[in-house]
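Trainee: To be precise about what I am sending: the file is called entry-v9.cif and holds mmCIF, C-alpha atoms.
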```
data_upload
loop_
_atom_site.label_atom_id
_atom_site.label_comp_id
_atom_site.auth_asym_id
_atom_site.auth_seq_id
_atom_site.Cartn_x
_atom_site.Cartn_y
_atom_site.Cartn_z
CA MET A 550 172.21 -59.90 -29.54
CA PRO A 551 174.56 -58.40 -26.94
CA LYS A 552 172.88 -55.37 -25.42
CA ARG A 553 175.64 -53.56 -23.59
CA ASN A 554 177.41 -52.35 -26.71
CA PHE A 555 174.48 -52.18 -29.10
CA LEU A 556 174.92 -48.42 -29.51
CA LEU A 557 178.42 -48.40 -31.04
CA SER A 558 178.80 -44.66 -31.26
CA VAL A 559 182.16 -44.96 -32.98
CA LEU A 560 180.47 -46.22 -36.13
CA ALA A 561 177.54 -43.84 -35.78
CA PHE A 562 180.11 -41.07 -35.62
CA VAL A 563 181.34 -41.89 -39.13
CA GLY A 564 178.15 -40.36 -40.50
CA LEU A 565 179.11 -37.00 -38.98
CA TRP A 566 182.66 -37.04 -40.16
CA SER A 567 182.32 -36.04 -43.80
CA ALA A 568 180.97 -32.67 -42.79
CA ALA A 569 183.47 -32.21 -39.99
CA VAL A 570 186.80 -32.71 -41.73
CA PRO A 571 188.17 -30.24 -44.29
CA ALA A 572 188.91 -31.72 -47.71
CA SER A 573 192.56 -30.74 -47.36
CA ALA A 574 192.86 -33.03 -44.32
CA GLN A 575 192.55 -36.23 -46.32
CA ALA A 576 196.31 -36.85 -46.21
CA LEU A 577 199.05 -36.34 -43.67
CA LEU A 578 202.03 -34.09 -44.44
CA PRO A 579 204.97 -35.92 -42.86
CA TYR A 580 207.54 -33.99 -44.90
CA SER A 581 206.51 -30.60 -43.58
CA LEU A 582 208.95 -29.29 -40.99
CA GLN A 583 207.04 -26.15 -40.06
CA LEU A 584 203.40 -26.91 -39.48
CA ASN A 585 201.07 -24.16 -38.34
CA SER A 586 198.18 -24.76 -35.95
CA GLU A 587 195.67 -25.22 -38.76
CA GLN A 588 197.81 -27.87 -40.42
CA LEU A 589 198.29 -29.65 -37.10
CA GLU A 590 194.55 -29.74 -36.54
CA GLN A 591 193.92 -31.05 -40.04
CA ASN A 592 196.53 -33.75 -39.50
CA GLY A 593 194.86 -34.66 -36.21
CA LEU A 594 191.48 -34.96 -37.89
CA ALA A 595 192.99 -37.11 -40.61
CA LEU A 596 194.49 -39.39 -37.97
CA ALA A 597 191.09 -39.68 -36.36
CA GLN A 598 189.71 -40.72 -39.74
CA ASP A 599 192.37 -43.44 -39.87
CA ALA A 600 191.25 -44.58 -36.43
CA ILE A 601 187.65 -44.80 -37.63
CA GLN A 602 188.70 -46.95 -40.58
CA LEU A 603 190.39 -49.35 -38.14
CA VAL A 604 187.25 -49.37 -36.01
CA ARG A 605 185.29 -50.52 -39.06
CA PHE A 606 187.40 -53.70 -38.96
CA GLN A 607 187.18 -53.94 -35.15
CA GLN A 608 190.89 -53.21 -34.80
CA TYR A 609 190.37 -51.18 -31.66
CA GLN A 610 193.84 -51.54 -30.15
CA GLN A 611 195.43 -50.35 -33.38
CA ALA A 612 193.00 -47.45 -33.57
CA LEU A 613 193.70 -46.22 -30.05
CA PRO A 614 197.20 -44.70 -30.52
CA ARG A 615 196.01 -42.85 -33.64
CA ALA A 616 193.06 -41.47 -31.72
CA LYS A 617 195.33 -40.37 -28.85
CA LEU A 618 197.65 -38.54 -31.23
CA ALA A 619 194.68 -37.02 -33.04
CA ALA A 620 193.44 -35.49 -29.78
CA GLN A 621 196.90 -34.05 -29.10
CA LEU A 622 197.16 -32.51 -32.57
CA ALA A 623 193.58 -31.21 -32.64
CA PRO A 624 192.67 -30.51 -29.00
CA ASP A 625 190.03 -27.93 -29.92
CA ALA A 626 188.08 -30.30 -32.19
CA TYR A 627 185.41 -32.20 -30.27
CA GLN A 628 185.54 -34.98 -32.87
CA THR A 629 188.98 -36.18 -31.80
CA TRP A 630 187.99 -36.41 -28.12
CA PHE A 631 184.74 -38.08 -29.13
CA ILE A 632 186.42 -40.84 -31.11
CA LEU A 633 189.07 -41.34 -28.40
CA GLY A 634 186.46 -41.50 -25.64
CA SER A 635 184.33 -43.89 -27.69
CA LEU A 636 187.32 -46.17 -28.16
CA TYR A 637 188.02 -46.18 -24.43
CA VAL A 638 184.41 -47.19 -23.81
CA GLN A 639 184.60 -49.91 -26.45
CA LEU A 640 187.76 -51.23 -24.78
CA GLU A 641 186.02 -51.05 -21.38
CA GLU A 642 188.41 -48.43 -20.00
CA LEU A 643 185.32 -46.72 -18.72
CA ASP A 644 186.72 -44.08 -16.39
CA LYS A 645 189.09 -42.87 -19.11
CA GLY A 646 186.22 -42.97 -21.56
CA ILE A 647 183.96 -40.83 -19.40
CA GLU A 648 186.72 -38.31 -18.67
CA THR A 649 187.55 -38.01 -22.38
CA LEU A 650 183.93 -37.77 -23.47
CA GLU A 651 183.39 -34.99 -20.92
CA LYS A 652 186.12 -33.03 -22.75
CA ALA A 653 184.23 -33.60 -25.99
CA ARG A 654 181.01 -32.46 -24.33
CA THR A 655 182.69 -29.24 -23.15
CA LEU A 656 183.57 -28.47 -26.77
CA ALA A 657 180.22 -29.56 -28.22
CA PRO A 658 177.51 -29.52 -25.53
CA ASP A 659 174.74 -29.98 -28.11
CA GLU A 660 176.18 -33.08 -29.78
CA ALA A 661 173.75 -35.89 -28.97
CA GLY A 662 176.19 -38.66 -29.90
CA ILE A 663 178.53 -37.68 -27.07
CA LEU A 664 175.69 -37.92 -24.57
CA PHE A 665 174.54 -41.29 -25.93
CA THR A 666 178.07 -42.66 -25.65
CA LEU A 667 178.37 -41.34 -22.10
CA GLY A 668 175.14 -43.19 -21.38
CA SER A 669 176.67 -46.38 -22.74
CA ALA A 670 179.73 -45.90 -20.52
CA TYR A 671 177.62 -45.40 -17.41
CA PHE A 672 175.55 -48.46 -18.34
CA GLN A 673 178.69 -50.58 -18.52
CA LYS A 674 179.73 -49.22 -15.11
CA GLU A 675 176.32 -50.44 -13.88
CA ASP A 676 175.39 -46.86 -13.04
CA TYR A 677 171.98 -47.16 -14.64
CA ALA A 678 170.64 -43.91 -13.23
CA GLY A 679 173.64 -42.13 -14.77
CA ALA A 680 172.99 -43.90 -18.08
CA ILE A 681 169.36 -42.77 -18.07
CA ARG A 682 170.39 -39.19 -17.26
CA GLU A 683 172.83 -38.91 -20.17
CA ILE A 684 170.68 -40.75 -22.71
CA GLU A 685 167.65 -38.62 -21.88
CA ARG A 686 169.77 -35.48 -22.32
CA GLY A 687 170.82 -36.76 -25.72
CA LEU A 688 167.25 -37.60 -26.69
CA LYS A 689 166.22 -34.00 -26.09
CA LEU A 690 168.61 -33.14 -28.92
CA GLN A 691 167.97 -36.18 -31.12
CA PRO A 692 164.65 -37.76 -30.10
CA GLU A 693 164.42 -40.06 -33.13
CA SER A 694 167.44 -42.26 -32.30
CA LYS A 695 166.05 -45.78 -32.11
CA GLU A 696 169.33 -47.11 -30.69
CA ALA A 697 169.41 -44.55 -27.90
CA LEU A 698 165.77 -45.26 -27.05
CA PHE A 699 166.65 -48.96 -26.97
CA ASP A 700 169.56 -48.27 -24.59
CA LEU A 701 167.24 -46.18 -22.44
CA GLY A 702 164.84 -49.11 -22.22
CA ASN A 703 167.71 -51.40 -21.24
CA ALA A 704 168.77 -49.07 -18.41
CA TYR A 705 165.21 -48.90 -17.08
CA MET A 706 165.00 -52.68 -17.35
CA MET A 707 168.12 -53.12 -15.23
CA LEU A 708 166.45 -50.98 -12.57
CA LYS A 709 163.36 -53.21 -12.89
CA GLN A 710 161.30 -50.20 -13.94
CA PHE A 711 159.54 -52.38 -16.47
CA ASP A 712 156.76 -50.02 -17.51
CA LYS A 713 159.25 -47.26 -18.36
CA ALA A 714 161.41 -49.81 -20.21
CA VAL A 715 158.47 -50.85 -22.40
CA VAL A 716 157.63 -47.21 -23.16
CA ALA A 717 161.21 -46.63 -24.34
CA TYR A 718 161.21 -49.80 -26.47
CA GLU A 719 157.89 -48.83 -28.04
CA LYS A 720 159.26 -45.38 -28.89
CA SER A 721 162.20 -47.12 -30.53
CA LEU A 722 159.77 -49.21 -32.57
CA ALA A 723 157.88 -46.08 -33.57
CA GLU A 724 161.08 -45.07 -35.36
CA ASP A 725 161.55 -48.52 -36.93
CA LYS A 726 158.76 -51.08 -36.65
CA ASP A 727 161.14 -53.88 -37.72
CA PHE A 728 163.73 -53.16 -35.02
CA TRP A 729 163.53 -56.67 -33.61
CA PRO A 730 165.83 -56.22 -30.56
CA ALA A 731 163.28 -53.83 -29.05
CA ILE A 732 160.47 -56.30 -29.76
CA ASN A 733 162.57 -59.08 -28.24
CA ASN A 734 163.19 -57.08 -25.07
CA ILE A 735 159.52 -56.30 -24.60
CA GLY A 736 159.15 -60.08 -24.60
CA LEU A 737 161.78 -60.30 -21.84
CA VAL A 738 159.80 -57.81 -19.77
CA LYS A 739 156.52 -59.64 -20.31
CA TYR A 740 158.05 -62.95 -19.24
CA GLU A 741 159.32 -61.47 -16.00
CA GLN A 742 155.86 -60.04 -15.41
CA GLY A 743 154.37 -63.52 -15.79
CA ASP A 744 152.63 -62.86 -19.09
CA LEU A 745 153.81 -65.91 -21.05
CA GLU A 746 151.38 -65.42 -23.92
CA ALA A 747 152.47 -61.81 -24.53
CA ALA A 748 156.15 -62.78 -24.30
CA LEU A 749 155.70 -65.55 -26.87
CA GLU A 750 153.86 -63.19 -29.20
CA LYS A 751 156.71 -60.67 -29.09
CA TRP A 752 159.44 -63.25 -29.61
CA GLN A 753 157.61 -64.85 -32.52
CA GLN A 754 157.19 -61.40 -34.02
CA ALA A 755 160.96 -60.87 -33.71
CA ILE A 756 161.64 -64.22 -35.39
CA ALA A 757 159.31 -63.30 -38.25
CA ILE A 758 161.48 -60.23 -38.87
CA ASP A 759 164.81 -62.09 -38.63
CA ASN A 760 164.70 -65.88 -38.67
CA GLN A 761 168.45 -66.00 -38.02
CA ALA A 762 168.12 -64.23 -34.67
CA ALA A 763 169.10 -66.85 -32.12
CA GLU A 764 167.94 -65.01 -29.02
CA PRO A 765 164.17 -64.92 -29.58
CA GLN A 766 164.25 -68.50 -30.85
CA LEU A 767 165.88 -69.74 -27.66
CA ALA A 768 163.49 -67.63 -25.59
CA VAL A 769 160.51 -69.23 -27.34
CA ALA A 770 162.04 -72.66 -26.74
CA VAL A 771 162.39 -71.97 -23.01
CA ALA A 772 158.84 -70.63 -22.81
CA LEU A 773 157.49 -73.70 -24.58
CA PHE A 774 159.48 -75.94 -22.23
CA ALA A 775 158.08 -74.11 -19.20
CA ASN A 776 154.61 -74.59 -20.69
CA GLY A 777 155.11 -78.35 -21.04
CA GLU A 778 155.67 -78.46 -24.82
CA ARG A 779 159.00 -80.23 -24.53
CA GLU A 780 159.35 -81.72 -28.00
CA LYS A 781 158.81 -78.40 -29.74
CA ALA A 782 161.08 -76.71 -27.21
CA VAL A 783 164.00 -79.04 -27.85
CA ALA A 784 163.70 -78.73 -31.64
CA LEU A 785 163.64 -74.93 -31.51
CA GLY A 786 166.39 -74.83 -28.88
CA GLU A 787 168.64 -76.86 -31.14
CA THR A 788 167.95 -74.49 -34.04
CA ALA A 789 168.72 -71.44 -31.91
CA LEU A 790 172.00 -72.76 -30.52
CA ALA A 791 173.13 -73.97 -33.95
CA ILE A 792 172.86 -70.32 -35.03
CA ASP A 793 174.74 -68.98 -32.01
CA SER A 794 175.95 -71.31 -29.27
CA ARG A 795 176.83 -68.40 -26.96
CA TYR A 796 173.20 -68.37 -25.89
CA ALA A 797 173.80 -71.60 -23.98
CA ASP A 798 175.88 -69.55 -21.51
CA LEU A 799 173.73 -68.22 -18.66
CA GLU A 800 176.18 -65.39 -17.98
CA PHE A 801 175.90 -64.31 -21.60
CA LEU A 802 172.12 -64.39 -21.32
CA GLU A 803 172.25 -62.29 -18.17
CA GLU A 804 174.39 -59.74 -20.03
CA ASN A 805 171.64 -59.71 -22.63
CA LEU A 806 169.19 -58.70 -19.90
CA TRP A 807 167.43 -62.02 -19.41
CA GLY A 808 165.62 -61.76 -16.09
CA GLU A 809 165.66 -64.04 -13.09
CA THR A 810 162.57 -66.04 -14.02
CA LEU A 811 163.66 -66.63 -17.61
CA LEU A 812 167.21 -67.51 -16.53
CA SER A 813 165.90 -70.02 -14.02
CA ASP A 814 163.68 -71.67 -16.62
CA THR A 815 166.55 -71.62 -19.15
CA ALA A 816 168.86 -73.40 -16.69
CA LYS A 817 166.27 -76.16 -16.26
CA PHE A 818 165.78 -76.43 -20.01
CA LEU A 819 169.49 -76.63 -20.82
CA ALA A 820 170.00 -79.25 -18.08
CA THR A 821 167.63 -81.75 -19.72
CA PRO A 822 169.30 -84.84 -21.22
CA GLN A 823 168.08 -83.88 -24.68
CA MET A 824 169.62 -80.41 -24.56
CA GLN A 825 172.80 -81.70 -22.95
CA ALA A 826 173.20 -84.11 -25.87
CA ILE A 827 172.61 -81.28 -28.35
CA LEU A 828 175.15 -79.06 -26.59
CA ALA A 829 177.73 -81.86 -26.65
CA ARG A 830 177.15 -82.41 -30.37
CA LEU A 831 177.38 -78.69 -31.13
CA GLY A 832 180.59 -78.48 -29.10
CA GLU A 833 182.11 -81.29 -31.12
CA LEU A 834 181.15 -79.56 -34.37
CA GLU A 835 182.74 -76.30 -33.20
CA GLU A 836 185.97 -78.12 -32.35
CA ILE A 837 186.03 -79.63 -35.83
CA GLU A 838 185.38 -76.24 -37.46
CA ILE A 839 188.20 -74.45 -35.61
CA ALA A 840 190.72 -77.27 -35.89
CA PRO A 841 193.69 -76.43 -38.17
#
```
Let me see whether you can do it: turn the structure in this file into structure tokens.
Mentor:
Amino acid sequence: MPKRNFLLSVLAFVGLWSAAVPASAQALLPYSLQLNSEQLEQNGLALAQDAIQLVRFQQYQQALPRAKLAAQLAPDAYQTWFILGSLYVQLEELDKGIETLEKARTLAPDEAGILFTLGSAYFQKEDYAGAIREIERGLKLQPESKEALFDLGNAYMMLKQFDKAVVAYEKSLAEDKDFWPAINNIGLVKYEQGDLEAALEKWQQAIAIDNQAAEPQLAVAVALFANGEREKAVALGETALAIDSRYADLEFLEENLWGETLLSDTAKFLATPQMQAILARLGELEEIEIAP
């Protein structure tokens, strides 16, 4: 699964919202001509709730103007800056996102979600040291966040600090033993370290948890191919790409933290006549499915 936006703090934020918004802020008051500061803030928080509902349906562009207005109406509520900054990060307006999230942090310095989202923003800017700094600050406040620990592992992995990455992934698994993305990424580390057997074990463990996860299935296929088991590799590769054909794109795999060795072996695997025929057939099926 895509790693860069795995920690979608906008949706995590929804869990905080019920306690943050007064009951009287559930509806806007457009007919009121003389609104006091408390009413304005409540209206701003209600607008932010509307933005969150749009986020649930991935309507980020529609959510953004509501979030902007919410921050104007309720500038002293960290929640409005948090949701606005999170939206900027989701839309890859990273500098705006960081600036806005810093405003939220000023208002709520002990809110771990803000720090985790800042870490995500720095990760997307490829400032992995900055990502580690912010995520670790957040983990001091909320050490049990499996998603944040996963993101921390990803940042260490990008810096090729593999041992620290594995420690972070294992801490994530201590919070949820069935959190297969962390298991999968330990497999990625092991493959880059030349431990094919350990990598296969981790990926097969991930598949046992979720047999519709395309990534570990393709990784196993590539490992089998590299080990000379071509027939098994092709069969499993076809299964994986039928689930999600994006994994045939090397750039997509790199975004998902596949390392140099695994990418090189994947390129060789996908270039085989058997896999090229499978990719052509899958491409034809996709064209049929999307045709009007």
Trainee: Using only C-alpha atoms, can you list as a list in words the residues within 12 Å of (177.1, -69.6, -24.6)?
Mentor: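 The requested residues, written out, are Met550, Pro551, Ala763, Glu764, Leu767, Ala789, Leu790, Ala791, Ile792, Asp793, Ser794, Arg795, Tyr796, Ala797, Asp798, Leu799, Glu800, Phe801, Leu802, Glu803, Glu804, Asn805, Leu819, Leu828, Leu831 and Gly832 of chain A.
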Trainee: Nearest to Gly646 (chain A) among A:Leu613, A:Ala772, A:Leu622, A:Ala661, with distances taken over all atoms listed in the file: which residue is it?
Mentor: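 When distances to Gly646 (chain A) are compared using all atoms listed in the file, the smallest one comes from A:Leu613.
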Trainee: Got a sec: who's within 12 Å of region 606-611 of chain A, counting all atoms listed in the file, leaving out chain neighbours fewer than 2 positions off, as a list in words?
Mentor: Leu557, Val559, Leu560, Leu596, Ala597, Asp599, Ala600, Ile601, Gln602, Leu603, Val604, Leu613, Pro614, Arg615, Ala616, Lys617, Ile632, Leu633, Ser635, Leu636, Tyr637, Val638, Gln639, Leu640, Glu641 and Glu642 of chain A
Trainee: Pull C-alpha atoms from the residues just selected and write them as a short mmCIF file (atom, residue, chain, number, x, y, z; two decimals), in the coordinates of the input.
Mentor:
```cif
data_model
loop_
_atom_site.label_atom_id
_atom_site.label_comp_id
_atom_site.auth_asym_id
_atom_site.auth_seq_id
_atom_site.Cartn_x
_atom_site.Cartn_y
_atom_site.Cartn_z
CA LEU A 557 178.42 -48.40 -31.04
CA VAL A 559 182.16 -44.96 -32.98
CA LEU A 560 180.47 -46.22 -36.13
CA LEU A 596 194.49 -39.39 -37.97
CA ALA A 597 191.09 -39.68 -36.36
CA ASP A 599 192.37 -43.44 -39.87
CA ALA A 600 191.25 -44.58 -36.43
CA ILE A 601 187.65 -44.80 -37.63
CA GLN A 602 188.70 -46.95 -40.58
CA LEU A 603 190.39 -49.35 -38.14
CA VAL A 604 187.25 -49.37 -36.01
CA LEU A 613 193.70 -46.22 -30.05
CA PRO A 614 197.20 -44.70 -30.52
CA ARG A 615 196.01 -42.85 -33.64
CA ALA A 616 193.06 -41.47 -31.72
CA LYS A 617 195.33 -40.37 -28.85
CA ILE A 632 186.42 -40.84 -31.11
CA LEU A 633 189.07 -41.34 -28.40
CA SER A 635 184.33 -43.89 -27.69
CA LEU A 636 187.32 -46.17 -28.16
CA TYR A 637 188.02 -46.18 -24.43
CA VAL A 638 184.41 -47.19 -23.81
CA GLN A 639 184.60 -49.91 -26.45
CA LEU A 640 187.76 -51.23 -24.78
CA GLU A 641 186.02 -51.05 -21.38
CA GLU A 642 188.41 -48.43 -20.00
#
```
Trainee: What separation in Å, quoted to one decimal, exists between CA of Lys781 (chain A) and CA of Thr821 (chain A)?
Mentor: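 Spanning CA of Lys781 (chain A) to CA of Thr821 (chain A) is a straight-line distance of 13.8 Å.
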Trainee: Set the distance at 7 Å and use all atoms listed in the file: which residues neighbour region 690-704 of chain A once local chain neighbours fewer than 5 positions away are removed? I'd like the list as a PyMOL selection string.
Mentor: chain A and resi 556+659+661+665+672+677+680-681+684+714-715+717-718+720-721+724+731
Trainee: Hey, which of A:Thr629, A:Thr788, A:Gln673, A:Asn733 ends up closest to Gln753 (chain A)? Count all atoms listed in the file.
Mentor: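 Of the candidates, the smallest distance to Gln753 (chain A) is held by A:Asn733.
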Trainee: Rounded to one decimal, what separation in Å do you get between CA of Leu650 (chain A) and CA of Leu806 (chain A)?
Mentor: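 Separation between CA of Leu650 (chain A) and CA of Leu806 (chain A): 25.8 Å.
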